[in-house]
Structure formats: C-alpha cells, structure tokens
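Asker: The structure under discussion is supplied below as structure tokens; questions concerning it will follow.
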Amino acid sequence: MKNTSTTKERKPGRRLKKVDLRDKIMSFLDANKSQAFNYKQIAFGIDVTDKAARLDVLNMLDELVAAEEILEVSLGKYKASAARAAEAEGVFVRRANGKNAVIINDGDEQIMVAERNSMHALNGDKVRVEISAALPGRESEAKVLEILEPKDQVFIGTLKVEKNYAAVITDSKFLAADIIIPRRQLKGGKSGDKVIARITQWSDNEMNPRGEIVDILGKKGENTAEMHAILAEFGLPYKYPEHVEEAAEKIDAGITKAEVAKREDFRNVTTFTIDPRDAKDFDDALSIRQLANGNWEVGVHIADVTHYVTPNSTIDKEARERATSVYLVDRTIPMLPERLSNGICSLRPNEEKLTFSAIFELDAKAQVVNYRIGRTVIKSDRRFTYEEAQEIIETGKGDFAKEILTLDKLAKELRRRRYDAGALEFDRAEVRFEIDKEGRPISVYFKESKDANKLIEEFMLLANLTVAEAIGKVPRGKKAKSFVYRVHDNPDPEKITNFAQIASRFGYKINPEGKAKEVNKSLNRMLKDVKGKGEENMLSILAIRSMAKAVYTTDNVGHYGLALDYYTHFTSPIRRYPDMMVHRLLAKYADGARSADKIKLEDQCRHSSDMEQLASNAERASIRYKQVEFMQGKMGEIYEGVISGVTEWGFYVELDENMCEGLVPVRDLNDDYYELDEKNFCLIGRAHHNKYTLGDKVKVQVARADLDRKQLDFALISDEGNPNKPRKEHNKSHGRNTPSKSRAKGSRKGAGNGNSKRSKSK
C-alpha cells in the first residue's frame, strides 16, 4: 500500500482543513487504484490517528461518494472511481434467493449480477465480467461475459419421477432451479430417492439445467442417506474404495523381534489410554513411572501409523486426499481403513503396539528436565473413558489411582503456566445426542471439558510443542529444516477493537491494544466472568470469531491462542494426515536427511487445512440436522433462550435447555418495521424503537422444523430483554402465523451467525 501523505510531519491529534483532507484522501485512493479500503485503513494511510480526525475522514468519504468523486463499492469500502475497469475477473456466487454476485479484488469487492446476466454460472465458477458504472443511489451491477474455470460440483436433492419427466429438487442454498434428468440418466433412481446429481447442460434460453444422476444414497429421510447427503454436499467421501480396503487387509500386523530391537521398550511400564466412551480409534496413550531421583517420566505414545502406511502407497494416497477423519453426530468417517484405524494402529489394552513417542522427565513442579523423541513399543494396561478417569480424580480411588492423580497434578501445573504465559481459555460446552438404532435423536446432553479431558489435553500439547521446537528451534545462524507447523496468527486489531466495544456494552472490559499476553488475559477474565450469564454464548462466539483461523503451514508464525512460538500436530496420525507428515519428517531428519521439499509440504498443508474446514462444516451440518429432527417432536412447546445471532431476515435464538438454535423470522414480528443495525448487533423497530439484541433473553415457541433446509423456526412469545441495559416498553403481540408487513432493511451481512461452532481445533 502506498502512502501519499506529505513528508512534513504533523503533530498527533491535529485535524486537517476540509480541503486538505479531501486532497489527501483523493491522492491516497488514486495511488492505490486497484484496491478498496475502509475508512480506518484510509485514515491510517494518510496518517490520521486521532479519533475525532478519523470521524472527519468518514464524513468526507460520505461527501465524496455523494458527489460521485469516489465509489463506495460495498458497504464501508471505498475506491477511486477511475480505478474501476470495464472488465474484471472474479468468483461467481450463486444464491437460491436470486441475489447472485461476483467477488473481485481478492474478496474486497462484491458486485451484484442479475440472473439474466449470469450465463447460468454456478457457485464457485471463475468468471470474466463487465461492470457497469453505478447510477446515483444504486449499486453497480456486473454481467458475466465468460465462464473461465467452471467449478466441478454436484448437487444433493430428492428425485421426482413423473410420467413425462424426472427432476432433482435440490437442497442447495446456491441453486433455486430443479435439475431436469433425462430418463436414460436415472441410474435406476425412483421418486423419493435422495440422490447426487451433476449439471451437464444449461442453455441461456432455458430456465432449468439438465443433468445426470451420479449416485443414489437411499430413501429421503433415512438416516444413512441423509448423513451421506451431508458428506456429499461438502465434497467429502461417504464410502471407502474397495481397492483401498483390500490393500489394508494385506498389511502384516505382526511385530517382529527385529522391529522391537530397533525401539525403546515400554511394554513393562504402566501405560493406559483415556478416551471418549464411544471411541474406537485410540491413537494416544500415556505411560508414567517414578525415576530414582524422584522425578517423573511421562511418555506420550502415539500410534506409529507411518510404519504401516508407506509414502505414495494406495492407502497413503487415499489418506492424503481425505486429510482428516470426519466426525458426524452418529458416525465417524475414518481417514484410514478401519483395519488400521480401529485395529492394527489402535492402542487397545493388552496388545503390543508400535508407537512414536515423546518421553519427558518432569520434576514435581512439572518443569521439563529432559526429553527424547523416538520410536517405541508399548502394551497398554487399561482403557479408561473420560468419565472413569474423572471419577478417580474426584474420589482418589480406582485402577492406577496413584498414576492418574500424579498426571492430573502435573497437568494442572502445566496448564497454570500456559495461562500465565497468555494462552486463551475457550471452554464451551458441546451439544451431543443420544441416538437410537434407526439413527433418530432421543435426547440431548452436553459434553463439558473436565479435569480428565484437560489432563490428556495438556500432555498432548506438551508433546506437540516439544516436537515443533525440536525441529524448528535451531541455534543462531543455522536454518531450520522444512517442517509442518500448526499456526494461529495474531488477530486483526480492528476485530479485537470491535469485540471490545461490544463486550463493554455488557460491562466487560477488554484491553484490545496491549501486548498479546495482556489482551489474552483480559479476554480470559471476560470469559470467566461471563459464565452463566445470558450473554455468555454470544460473547464466547464473538470472541472466537475475532480470532484468526488455525491452519497448517511450513511458515512458522507461532500459535497465538496457545501463546506458543512453536507448535505442530503430532498426536493424532490415525485421524489427521499432517500428523503423519510430521512423523515422517521426524524419522527422516533423525536419519540425517536433508531438508524436505518445502513447496510440496506447503501444498499438502494447504489441502489439509481446506479439508479440515470442510469436515468441520459437515460436522456442524449434521448437528443442525439432528437438532431439527429432535425438535420435530416438540412442535408447539415453549422454551427460554438467548438471541445468538441477528440478521436482516430475523434473529436466531439458542435454547437454554438443549442448545438447539432456531430463527425468529422478521416477517413474523408484526408490531413494527424492523431494520438491521449491524454495528450494534440488533434489529430496531422503526416506529417504536424496540430492539432485539445479541444476548437478550427471550421466550419462544417451536413453530416449524424444516429438515431439508436444516432450519428451525421459532415464534416469539415474550422478550425478557437484557437486564444490563434499559429497554422501552413495546407491544408484544407477536403472532406466529399472522400475515405481516414487517421486514428488515439492512446490508447483506448478518450481525452474528445462527450457525455457531461448538468446538475449536487447536
């Protein structure tokens, strides 16, 4: 970004004359013609730092837009008018509501595209567009001239076969039109089947695309068909190729004396696993013994998957493509064939297993005195569930009580030091379902992280950071070898500042401008203070959203959330491909090999990060589906909840009792005309000024449950409001099915989000 301000230094806080401010803004935008900026970026670019002076910048920008001297290309984004080219390239965004758009300039600019000008481009297609000049008071529009790179995609839906035609009624939020299927392309599909379809032709003069059936998943509404549909929706595999299963069956599970001789032997050291009660793939175990000097030796033993899965083998190629196991509500779709994930590599009790281990010598204060990393052989003595281990921690009684209590004590000390160093403490309960034999949810429970969970977490974190340091932390003057890191970049200062302003409205103080340690301590204090309050869920979600996403990369920038300079993923190779990459690199470098090809590693890191995000999206979709399915049996029932998201089409409410989330549509709020106030995360009535704000307590009735859209609709019964802020009295006669003229007027973006993430991977 060029800085076109004059070389003469100005004193902080000095406000410019309007004519000077105008010239500086115009010069800055002209010097950066290809980019769009918000007012804070422009203020920074022209060296305006004082708050009052920044408001002058915002006011001047409004004047320049009104005078058509600059463009407001999207809400709050400004650009020099001369910079808009007649043509541009971008990514097409198709929406079922008809509000299609093209995204250009790396996501900075979104321009509307009417359906008649779309060339029937599909969501994700790379396109070349012609952009029209904006008329006064109206947004610019674009016309698709060419589809440069069609995105290969499929659509999920329900097949309808009639006498004269067949069609797929899609579930997609990106496609409003049904897909016409010629009878020769049905593949035996019948009406009511849940299917995967692909568009093969869509002529400009046709309302509907034509396509073919790719696969038949089963009958609509059947649990397996619906779960497979969710996986297919996100481009994730829902079945294992037979040739990969066959390759797994040929693997020799035997452990030879020659192999044991190469490894450190822990078979006679107390070792056990602690996992969820429904887990089948045990990829980590802990061993513990006291040394002669009184210190404790703790081994973090990880399944040695790469001993069995060789690079570029059939199984390796499949695992590399999948990159991660996917955990839906009622099933796991493993990255590796079950013979490996649940059998050969799973650290089951009373079975000898090959492992890759990080072994630590810890003193009584959990300080690492020494460590080593290498290949081992173990024999687990016991398989604990988290509940069993937690009972031992709470009562002091049970199998291996001394060992578990010692590990718990050491883990708590490790945890205390982490938070003292500035690590963030996000600790939200996760919603889980009890499922019957047919896959139907029969009850909801909450998964909370207790001491047993935290015990395992701390030692996995210790192993991961130690492995990362072992490769990445080299003497001054030496270059670290290429490696796979799990990084979490510093948050955007603007997002943290905005979040601090929101939290302050509820009486919580967050320091957005100090050092990372100070910022995180203030965030942790807020997360602790908000426990049990009506605004807990909303502020916790917004705090997470203010953070960057954790990703895999070869460029180490540290892990902000954990307050660590070095971090990787080493502890779950059964379910994450980056952990397999780390195991191979450790073995490679231990043998004295040269640095691995960084470009190839980075490509795989990027793919793994992308697949992790898709898997997370599928997990959330399966939770939403089961929530809606569960609430189908609760029609008409009344619940208390908290407003968890606000959009132009209504507000989302999360129920206190079961964390199910649904929408109160703005069309059903018939006492006023509601408008979205994005900055204050609320809907405001134009006439009576009543507000519905994030964190408000409300009482709602279950009104609709749409499984196809995975959406619940609630009817507002009463609005208890938020006790921390005054509210005006208003008419509360909200009719559930009453025709209403009310609607919200606002920007395309929602304040908050109805689809909150229940867990966060480190």
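If you're wondering about the labels, chains in the structure tokens are A, B, ... by order shown, residues count from 1 in each chain, ligands from 1 in order shown.
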Could the residues of stretch 243-357 of chain A that have an atom at most 12 Å from stretch 552-573 of chain A be listed as a Markdown table, each with its closest atom pair and the distance in Å to one decimal, counting only C-alpha atoms and ordered by chain and ascending residue number?

Answerer:
| residue | atom | partner | partner_atom | distance |
| --- | --- | --- | --- | --- |
| A:Asp281 | CA | A:Ser572 | CA | 9.7 |
| A:Phe282 | CA | A:Ser572 | CA | 9.0 |
| A:Asp283 | CA | A:Ser572 | CA | 5.9 |
| A:Asp284 | CA | A:Thr571 | CA | 6.6 |
| A:Ala285 | CA | A:Thr571 | CA | 9.7 |
| A:Leu286 | CA | A:Thr571 | CA | 11.5 |
| A:Val300 | CA | A:Thr571 | CA | 8.4 |
| A:His301 | CA | A:Thr571 | CA | 8.2 |
| A:Ile302 | CA | A:Thr571 | CA | 5.8 |
| A:Ala303 | CA | A:Pro573 | CA | 7.0 |
| A:Asp304 | CA | A:Pro573 | CA | 7.8 |
| A:Val305 | CA | A:Pro573 | CA | 6.3 |
| A:Thr306 | CA | A:Pro573 | CA | 8.3 |
| A:His307 | CA | A:Pro573 | CA | 11.3 |
| A:Tyr308 | CA | A:Pro573 | CA | 11.7 |
| A:Val309 | CA | A:Pro573 | CA | 10.7 |
| A:Asp316 | CA | A:Pro573 | CA | 11.8 |
| A:Ala319 | CA | A:Pro573 | CA | 10.3 |
| A:Arg320 | CA | A:Pro573 | CA | 11.5 |
| A:Ala323 | CA | A:Pro573 | CA | 10.1 |
| A:Thr324 | CA | A:Pro573 | CA | 9.2 |
| A:Ser325 | CA | A:Pro573 | CA | 10.1 |
| A:Pro334 | CA | A:Pro573 | CA | 11.3 |
| A:Met335 | CA | A:Pro573 | CA | 9.4 |
| A:Leu336 | CA | A:Pro573 | CA | 9.5 |
| A:Leu340 | CA | A:Pro573 | CA | 11.0 |
| A:Ser341 | CA | A:Pro573 | CA | 9.4 |
| A:Cys345 | CA | A:Pro573 | CA | 9.5 |
| A:Ser346 | CA | A:Pro573 | CA | 10.6 |
| A:Leu347 | CA | A:Ser572 | CA | 11.8 |
| A:Thr355 | CA | A:Thr571 | CA | 10.6 |
| A:Phe356 | CA | A:Thr571 | CA | 9.1 |
| A:Ser357 | CA | A:Thr571 | CA | 9.1 |

Asker: Write out as number ranges by chain all residues of stretch 411-547 of chain A that backbone DSSP assigns to helix (DSSP H, G or I).

Answerer: A: 411-420, 451-472, 493-505, 516-529, 536-545

Asker: Env of stretch 447-462 of chain A: 8 Å cut, atoms = only C-alpha atoms, seq-sep filter 3 positions within chain, self excluded. Answer as a list of chain:residue names.

Answerer: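 Non-adjacent residues within range: A:Ile274, A:Val300, A:Tyr386, A:Glu387, A:Ala389, A:Gln390, A:Ile393, A:Leu407, A:Asp408, A:Ala411, A:Lys412, A:Leu414, A:Arg415, A:Asp427, A:Arg428, A:Ala429, A:Glu430, A:Val431, A:Arg432, A:Leu465, A:Thr466, A:Thr571.
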
Asker: Which residues, written as a PDB file with N, CA and C atoms, in the first residue's frame, have at least one atom at most 10 Å from A:Gly76, with only C-alpha atoms counted and residues fewer than 4 positions away on the same chain left out?

Answerer:
ATOM      1  N   ALA A  36      -9.753  -1.469  -2.650  1.00  0.00           N
ATOM      2  CA  ALA A  36     -10.820  -0.796  -1.905  1.00  0.00           C
ATOM      3  C   ALA A  36     -10.445  -0.798  -0.429  1.00  0.00           C
ATOM      4  N   PHE A  37     -10.796   0.279   0.293  1.00  0.00           N
ATOM      5  CA  PHE A  37     -10.385   0.437   1.693  1.00  0.00           C
ATOM      6  C   PHE A  37     -11.571   0.868   2.543  1.00  0.00           C
ATOM      7  N   ASN A  38     -11.522   0.495   3.846  1.00  0.00           N
ATOM      8  CA  ASN A  38     -12.493   1.072   4.769  1.00  0.00           C
ATOM      9  C   ASN A  38     -11.919   2.379   5.320  1.00  0.00           C
ATOM     10  N   TYR A  39     -12.731   3.106   6.067  1.00  0.00           N
ATOM     11  CA  TYR A  39     -12.301   4.452   6.475  1.00  0.00           C
ATOM     12  C   TYR A  39     -11.110   4.411   7.421  1.00  0.00           C
ATOM     13  N   LYS A  40     -10.998   3.343   8.222  1.00  0.00           N
ATOM     14  CA  LYS A  40      -9.856   3.256   9.149  1.00  0.00           C
ATOM     15  C   LYS A  40      -8.555   3.048   8.381  1.00  0.00           C
ATOM     16  N   LEU A  58     -14.345   9.861   7.776  1.00  0.00           N
ATOM     17  CA  LEU A  58     -15.575   9.164   7.438  1.00  0.00           C
ATOM     18  C   LEU A  58     -16.598  10.117   6.825  1.00  0.00           C
ATOM     19  N   LEU A  61     -15.568  11.056   3.309  1.00  0.00           N
ATOM     20  CA  LEU A  61     -15.815   9.961   2.380  1.00  0.00           C
ATOM     21  C   LEU A  61     -17.273   9.952   1.938  1.00  0.00           C
ATOM     22  N   ASP A  62     -18.187  10.178   2.865  1.00  0.00           N
ATOM     23  CA  ASP A  62     -19.611  10.244   2.513  1.00  0.00           C
ATOM     24  C   ASP A  62     -19.871  11.376   1.514  1.00  0.00           C
ATOM     25  N   GLU A  72     -18.290   3.913  -3.425  1.00  0.00           N
ATOM     26  CA  GLU A  72     -18.449   3.006  -2.289  1.00  0.00           C
ATOM     27  C   GLU A  72     -18.831   1.665  -2.896  1.00  0.00           C
TER      28      GLU A  72
END

Asker: For a quick check of understanding, using only C-alpha atoms, which of A:Tyr445, A:Tyr238, A:Phe266, A:Phe681 has the smallest distance to A:Gln501?

Answerer: A:Phe681

Asker: Which one is closest to A:Tyr692: A:Leu122, A:Leu328, A:Ala31, A:Val664? Count only C-alpha atoms.

Answerer: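 Using only C-alpha atoms, A:Tyr692 sits closest to A:Val664.
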
Asker: A:Ala516, A:Cys682, A:Ile623, A:Ala423: which is nearest A:Glu661, counting only C-alpha atoms?

Answerer: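 Among the listed residues, the smallest separation from A:Glu661 belongs to A:Ile623.
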
Asker: If we count only C-alpha atoms, what is near A:Lys220 at a cut-off of 6 Å, once residues fewer than 4 positions away on the same chain are taken out, given as an NGL selection string?

Answerer: :A and (192-194)

Asker: Keeping N, CA and C atoms, export the residues of the selection given above as a CSV table (one decimal), in the first residue's frame.

Answerer:
chain,number,residue,atom,x,y,z
A,192,GLY,N,-38.6,-40.1,-4.6
A,192,GLY,CA,-38.3,-40.2,-3.2
A,192,GLY,C,-36.9,-40.5,-2.8
A,193,ASP,N,-36.1,-40.9,-3.8
A,193,ASP,CA,-34.7,-41.2,-3.5
A,193,ASP,C,-33.9,-40.0,-3.2
A,194,LYS,N,-33.0,-40.1,-2.3
A,194,LYS,CA,-32.0,-39.0,-2.1
A,194,LYS,C,-30.9,-39.3,-3.0

Asker: Can you list every residue in stretch 75-196 of chain A that DSSP puts in strand (DSSP E), as an MDAnalysis selection string?

Answerer: chainID A and resid 77:80 87:93 101:104 109:112 126:131 142:149 155:161 166:170 179:180 193:196

Asker: Could you turn the residues from that selection into a file that holds C-alpha atoms, as an mmCIF file, in the first residue's frame?

Answerer:
data_model
loop_
_atom_site.group_PDB
_atom_site.id
_atom_site.type_symbol
_atom_site.label_atom_id
_atom_site.label_comp_id
_atom_site.auth_asym_id
_atom_site.auth_seq_id
_atom_site.Cartn_x
_atom_site.Cartn_y
_atom_site.Cartn_z
ATOM 1 C CA LYS A 77 -15.446 0.046 1.260
ATOM 2 C CA TYR A 78 -14.201 2.968 -0.840
ATOM 3 C CA LYS A 79 -12.267 3.173 -4.089
ATOM 4 C CA ALA A 80 -11.140 5.735 -6.644
ATOM 5 C CA GLU A 87 -13.916 -5.734 -17.189
ATOM 6 C CA ALA A 88 -12.659 -7.838 -14.291
ATOM 7 C CA GLU A 89 -12.212 -11.444 -13.219
ATOM 8 C CA GLY A 90 -13.726 -12.908 -10.106
ATOM 9 C CA VAL A 91 -15.541 -15.783 -8.433
ATOM 10 C CA PHE A 92 -19.267 -16.157 -9.032
ATOM 11 C CA VAL A 93 -21.565 -16.517 -6.018
ATOM 12 C CA ALA A 101 -22.844 -11.719 -7.169
ATOM 13 C CA VAL A 102 -19.277 -11.773 -8.368
ATOM 14 C CA ILE A 103 -16.411 -11.322 -5.908
ATOM 15 C CA ILE A 104 -13.354 -9.499 -7.241
ATOM 16 C CA GLU A 109 -15.483 -6.143 -3.591
ATOM 17 C CA GLN A 110 -18.809 -7.866 -4.214
ATOM 18 C CA ILE A 111 -20.912 -6.777 -7.208
ATOM 19 C CA MET A 112 -24.455 -7.900 -7.905
ATOM 20 C CA LYS A 126 -14.249 -18.257 -12.057
ATOM 21 C CA VAL A 127 -15.751 -15.709 -14.458
ATOM 22 C CA ARG A 128 -14.901 -12.653 -16.552
ATOM 23 C CA VAL A 129 -17.413 -9.856 -16.083
ATOM 24 C CA GLU A 130 -18.257 -6.438 -17.432
ATOM 25 C CA ILE A 131 -19.001 -3.904 -14.702
ATOM 26 C CA ALA A 142 -21.915 -6.887 -13.413
ATOM 27 C CA LYS A 143 -22.589 -9.012 -16.466
ATOM 28 C CA VAL A 144 -20.845 -12.354 -16.982
ATOM 29 C CA LEU A 145 -19.000 -12.369 -20.310
ATOM 30 C CA GLU A 146 -17.240 -15.714 -19.998
ATOM 31 C CA ILE A 147 -17.003 -18.656 -17.589
ATOM 32 C CA LEU A 148 -13.226 -19.066 -17.345
ATOM 33 C CA GLU A 149 -12.966 -22.020 -14.952
ATOM 34 C CA PHE A 155 -25.926 -31.159 -6.087
ATOM 35 C CA ILE A 156 -27.841 -33.107 -3.463
ATOM 36 C CA GLY A 157 -31.592 -33.435 -3.641
ATOM 37 C CA THR A 158 -34.687 -35.592 -3.878
ATOM 38 C CA LEU A 159 -35.586 -37.325 -7.116
ATOM 39 C CA LYS A 160 -39.074 -36.830 -8.529
ATOM 40 C CA VAL A 161 -40.047 -39.153 -11.381
ATOM 41 C CA ALA A 166 -37.842 -36.532 -13.995
ATOM 42 C CA ALA A 167 -36.152 -33.875 -11.892
ATOM 43 C CA VAL A 168 -33.997 -33.416 -8.827
ATOM 44 C CA ILE A 169 -35.398 -30.949 -6.315
ATOM 45 C CA THR A 170 -32.132 -29.755 -4.803
ATOM 46 C CA ILE A 179 -32.356 -30.167 -12.382
ATOM 47 C CA ILE A 180 -34.111 -31.959 -15.251
ATOM 48 C CA ASP A 193 -34.709 -41.236 -3.518
ATOM 49 C CA LYS A 194 -32.026 -38.992 -2.054
ATOM 50 C CA VAL A 195 -29.561 -38.553 -4.894
ATOM 51 C CA ILE A 196 -26.403 -36.813 -6.059
#

Asker: At most 9 Å is the cut-off: for each residue in stretch 640-689 of chain A with any atom that close to an atom of stretch 694-714 of chain A, write down the nearest atom pair and the distance in Å rounded to one decimal, counting only C-alpha atoms, chain first then increasing number, as JSON lines.

Answerer:
{"residue": "A:Glu640", "atom": "CA", "partner": "A:Lys699", "partner_atom": "CA", "distance": 4.4}
{"residue": "A:Gly641", "atom": "CA", "partner": "A:Val698", "partner_atom": "CA", "distance": 5.5}
{"residue": "A:Val642", "atom": "CA", "partner": "A:Lys697", "partner_atom": "CA", "distance": 4.6}
{"residue": "A:Ile643", "atom": "CA", "partner": "A:Leu694", "partner_atom": "CA", "distance": 5.1}
{"residue": "A:Ser644", "atom": "CA", "partner": "A:Leu694", "partner_atom": "CA", "distance": 5.7}
{"residue": "A:Gly645", "atom": "CA", "partner": "A:Leu694", "partner_atom": "CA", "distance": 6.1}
{"residue": "A:Val646", "atom": "CA", "partner": "A:Leu694", "partner_atom": "CA", "distance": 6.7}
{"residue": "A:Phe651", "atom": "CA", "partner": "A:Leu694", "partner_atom": "CA", "distance": 8.5}
{"residue": "A:Tyr652", "atom": "CA", "partner": "A:Phe714", "partner_atom": "CA", "distance": 8.7}
{"residue": "A:Val653", "atom": "CA", "partner": "A:Val698", "partner_atom": "CA", "distance": 7.9}
{"residue": "A:Leu655", "atom": "CA", "partner": "A:Val700", "partner_atom": "CA", "distance": 8.7}
{"residue": "A:Cys660", "atom": "CA", "partner": "A:Leu712", "partner_atom": "CA", "distance": 8.6}
{"residue": "A:Glu661", "atom": "CA", "partner": "A:Leu712", "partner_atom": "CA", "distance": 7.0}
{"residue": "A:Gly662", "atom": "CA", "partner": "A:Leu712", "partner_atom": "CA", "distance": 4.4}
{"residue": "A:Leu663", "atom": "CA", "partner": "A:Asp713", "partner_atom": "CA", "distance": 4.7}
{"residue": "A:Val664", "atom": "CA", "partner": "A:Phe714", "partner_atom": "CA", "distance": 5.0}
{"residue": "A:Pro665", "atom": "CA", "partner": "A:Asp713", "partner_atom": "CA", "distance": 7.2}
{"residue": "A:Asn680", "atom": "CA", "partner": "A:Leu694", "partner_atom": "CA", "distance": 8.7}
{"residue": "A:Phe681", "atom": "CA", "partner": "A:Leu694", "partner_atom": "CA", "distance": 6.0}
{"residue": "A:Cys682", "atom": "CA", "partner": "A:Leu694", "partner_atom": "CA", "distance": 6.4}

Asker: Take the residues from that selection and put them in a file with N, CA and C atoms, as a short mmCIF file (atom, residue, chain, number, x, y, z; two decimals), in the first residue's frame.

Answerer:
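Full text of part_35.cif as output:
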data_model
loop_
_atom_site.label_atom_id
_atom_site.label_comp_id
_atom_site.auth_asym_id
_atom_site.auth_seq_id
_atom_site.Cartn_x
_atom_site.Cartn_y
_atom_site.Cartn_z
N GLU A 640 -37.17 -21.20 26.92
CA GLU A 640 -36.43 -19.96 27.14
C GLU A 640 -35.09 -20.07 26.41
N GLY A 641 -34.62 -18.94 25.94
CA GLY A 641 -33.35 -18.96 25.21
C GLY A 641 -32.72 -17.59 25.16
N VAL A 642 -31.63 -17.50 24.38
CA VAL A 642 -30.87 -16.27 24.25
C VAL A 642 -30.68 -15.98 22.76
N ILE A 643 -30.81 -14.72 22.38
CA ILE A 643 -30.57 -14.34 20.99
C ILE A 643 -29.08 -14.54 20.69
N SER A 644 -28.80 -15.43 19.73
CA SER A 644 -27.41 -15.81 19.44
C SER A 644 -26.92 -15.27 18.10
N GLY A 645 -27.81 -14.70 17.29
CA GLY A 645 -27.41 -14.13 16.01
C GLY A 645 -28.49 -13.19 15.51
N VAL A 646 -28.08 -12.13 14.83
CA VAL A 646 -29.04 -11.15 14.31
C VAL A 646 -28.71 -10.91 12.84
N PHE A 651 -33.83 -12.98 13.84
CA PHE A 651 -32.77 -13.25 14.81
C PHE A 651 -32.83 -14.71 15.25
N TYR A 652 -31.64 -15.26 15.51
CA TYR A 652 -31.52 -16.64 15.94
C TYR A 652 -31.56 -16.71 17.46
N VAL A 653 -32.16 -17.78 17.95
CA VAL A 653 -32.27 -18.00 19.40
C VAL A 653 -31.71 -19.37 19.73
N LEU A 655 -31.65 -22.21 22.54
CA LEU A 655 -32.46 -22.60 23.69
C LEU A 655 -31.55 -22.98 24.86
N CYS A 660 -30.31 -26.12 21.10
CA CYS A 660 -30.82 -26.11 19.73
C CYS A 660 -31.07 -24.66 19.33
N GLU A 661 -30.83 -24.38 18.05
CA GLU A 661 -30.87 -23.00 17.60
C GLU A 661 -31.88 -22.86 16.47
N GLY A 662 -32.70 -21.81 16.54
CA GLY A 662 -33.71 -21.58 15.52
C GLY A 662 -33.87 -20.10 15.24
N LEU A 663 -34.61 -19.82 14.17
CA LEU A 663 -34.79 -18.45 13.69
C LEU A 663 -36.18 -17.93 14.06
N VAL A 664 -36.22 -16.71 14.58
CA VAL A 664 -37.47 -15.96 14.68
C VAL A 664 -37.50 -15.06 13.45
N PRO A 665 -38.30 -15.42 12.42
CA PRO A 665 -38.27 -14.63 11.18
C PRO A 665 -38.80 -13.22 11.40
N ASN A 680 -24.40 -2.42 16.10
CA ASN A 680 -24.86 -2.69 17.47
C ASN A 680 -25.50 -4.07 17.61
N PHE A 681 -25.38 -4.91 16.57
CA PHE A 681 -25.84 -6.29 16.63
C PHE A 681 -27.29 -6.40 17.09
N CYS A 682 -28.16 -5.65 16.43
CA CYS A 682 -29.56 -5.68 16.85
C CYS A 682 -30.49 -5.35 15.69
#

Asker: Which residue out of A:Arg322, A:Lys262, A:Lys219, A:His120 has the minimum interatomic distance to A:Met207 when only C-alpha atoms are used?

Answerer: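 Ranking A:Arg322, A:Lys262, A:Lys219, A:His120 by distance to A:Met207, first place goes to A:His120.
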
Asker: What does the structure give for the distance between atom CA of A:Tyr485 and atom CA of A:Ala358, in Å to one decimal?

Answerer: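 Separation of atom CA of A:Tyr485 and atom CA of A:Ala358: 16.9 Å.
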
Asker: Counting only C-alpha atoms, figure out which residue out of A:Asp489, A:Glu425, A:Glu233, A:Asp178 gets nearest to A:Arg210.

Answerer: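 Of A:Asp489, A:Glu425, A:Glu233, A:Asp178, the one nearest A:Arg210 is A:Asp178, counting only C-alpha atoms.
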